[in-house]
Amino acid sequence: MTRPQTGDKELAAAKNCIDAYGGDIERWPEDARNAYGALAMSDALASEREAALALDAFLDAATAPKTADDLQRRILADYRPPADRTGWLGAISASLYGLGGFLRPAPVGAFASLAIAGFIAGAVTDGGALDPEIEAYAYLETDGFAEAADNEEFPWGAD
Amino acid sequence: MRARIDLGFAADSDEALVKRAGEGDRQAASFLVARHTDKIYAVCFRTLRNRAAAEDATQETFLRLWVNASKWRPQGAKFETWLYRVAMNICLDQLRKTKREAPEEAAPERADSAPRQDDALLAGEKRLAVDEALETLPARQRAAISLCHYQELSNIDAAEVMGVSVEALESLLARGRRALRDRLMPMRESLTGKMSDDPSANWG
């Protein structure tokens with residue numbers, strides 16, 4: 001086992017790990033723990049580590065989220081087998097499917113769902129099939145996080 | 001026989017369950033819900049700080065999963081990371097919308113953040129102080145702490161959920177923790193009833 005180097009650079013790196021991940025090195029990423037864990041446990045960073053442990057303890061005292069008893073039932077009520085969403089009637093069903101969020105109180109993303117649903121409904125051809133391009137677009141829209149991330153549009157504002 | 005089938009599902013990977021749910025298997029969908037609802041709700045609640053909004057965000061997250069289940073492809077990401085990312089996307093959209101439409105309600109910082117001497121020793125006081133301190137954090141810092149400290153995601157997974165580099169995640173974590181420390185440290189005395197030379201003695 002190699003002894004930790006205690007240069008200013010290593011000390012700063014260990015302190016950065018304490019600042020980011022807290023005082024319990026068991027909760028650090030493995031590579032950081034291997035590189036700077038011993039240094040973080042040394043006297044040189046004792047006060048920083050103790051203060052971080054104190055904050056960890058405070059964080060653990062925060063209110064624990066508790067899900068409502070019927071949340072899982074409500075989520076499963078939204079589930080529709082894909083068989084329900086194929087064909088001409090299925091396209092309408094799929095459109096309405098996206099409206100699930102819209103019909104809930106204080107919906108999240110409901111307007112996006114509505115727009116997508118309308119888009120899909122408008123894409124139904126005389127034969128009852130979806131225009132493949134439109135269908136693909138609708139998929140990307142509902143899967144938008146990946147596209148947004150790729151285009152650096154992920155909704156993180158500057159803090 | 002039914003129990004054996006259930007056990008089979010329980011042992012399935014998320015990816016296998018998503019595939020089956022996408023093929024119309026409701027039981028696979030129910031296992032995904034049972035396995036992930038609490039975790040998704042927790043991160044939504046800690047990001048939105050509102051029970052009803054967190055439930056809506058959780059429900060919306062799974063709705064997007066159902067819509068996309070038949071087409072979902074791993075593409076290198078773990079399913080759980082994918083799901084967290086969808087949830088976080090929804091939460092941040094919600095916060096942006098709330099801020100735009102009702103700015104007076106978007107910043108839940110309470111004016112009465114000073115320690116209250118009269119009930120400083122009540123067990124709930126510490127929890128309240130932490131909850132309030134978390135509410136004052138910028139959403140991204142709060143999300144980073146929620147994912148790493150509470151959900152115990154790896155730094156790589158948390159960074160992927162948030163769409164940032166690991167270095168940016170560490171910066172968010174450090175800034176968030178520093179802000180919490182600045183806010184909570186001065187309250188130690190009122191929350192514990194006494195001060196100590198040991199910086200951690202009153203924090204347990």
# chains A, B, ... in the order shown; residues from 1 in each chain; ligands from 1
>>> residues_around(residues="Ala64 in chain A", least_positions_apart="4", cutoff="12 Å", atoms="only C-alpha atoms", output="number ranges by chain")
A: 59-60; B: 38-39, 41-43, 45-46, 49, 51, 127-128, 130-131, 146, 150-151
>>> write_last_selection(atoms="C-alpha atoms", output="PDB file, in the first residue's frame")
ATOM      1  CA  LEU A  59     -28.753  16.041   5.682  1.00  0.00           C
ATOM      2  CA  ASP A  60     -29.775  12.676   7.089  1.00  0.00           C
TER       3      ASP A  60
ATOM      4  CA  ASP B  38     -40.262   5.199  -4.364  1.00  0.00           C
ATOM      5  CA  LYS B  39     -36.873   6.176  -5.757  1.00  0.00           C
ATOM      6  CA  TYR B  41     -40.756   9.967  -6.122  1.00  0.00           C
ATOM      7  CA  ALA B  42     -37.966  10.659  -3.639  1.00  0.00           C
ATOM      8  CA  VAL B  43     -35.823  12.491  -6.134  1.00  0.00           C
ATOM      9  CA  PHE B  45     -39.897  15.361  -3.951  1.00  0.00           C
ATOM     10  CA  ARG B  46     -36.421  16.509  -3.017  1.00  0.00           C
ATOM     11  CA  ARG B  49     -40.134  20.205  -2.444  1.00  0.00           C
ATOM     12  CA  ARG B  51     -45.697  16.406  -2.407  1.00  0.00           C
ATOM     13  CA  ARG B 127     -35.481  18.411  10.326  1.00  0.00           C
ATOM     14  CA  LEU B 128     -37.325  21.643   9.621  1.00  0.00           C
ATOM     15  CA  VAL B 130     -32.583  21.160   6.982  1.00  0.00           C
ATOM     16  CA  ASP B 131     -35.738  21.109   4.879  1.00  0.00           C
ATOM     17  CA  SER B 146     -30.484  14.510  -3.895  1.00  0.00           C
ATOM     18  CA  TYR B 150     -29.918  10.578  -0.787  1.00  0.00           C
ATOM     19  CA  GLN B 151     -30.252   8.283  -3.796  1.00  0.00           C
TER      20      GLN B 151
END
>>> select_by_dssp(residues="range 44-185 of chain B", states="helix (DSSP H, G or I)", output="MDAnalysis selection string")
chainID B and resid 44:48 51:71 79:101 103:106 117:119 123:136 139:150 155:162 166:185
>>> atom_distance(atom1="CA of Glu160 in chain B", atom2="CA of Thr81 in chain B")
7.3 Å
>>> atom_distance(atom1="CA of Ala32 in chain A", atom2="CA of Pro138 in chain B")
25.9 Å
>>> atom_distance(atom1="CA of Arg183 in chain B", atom2="CA of Leu55 in chain A")
10.6 Å
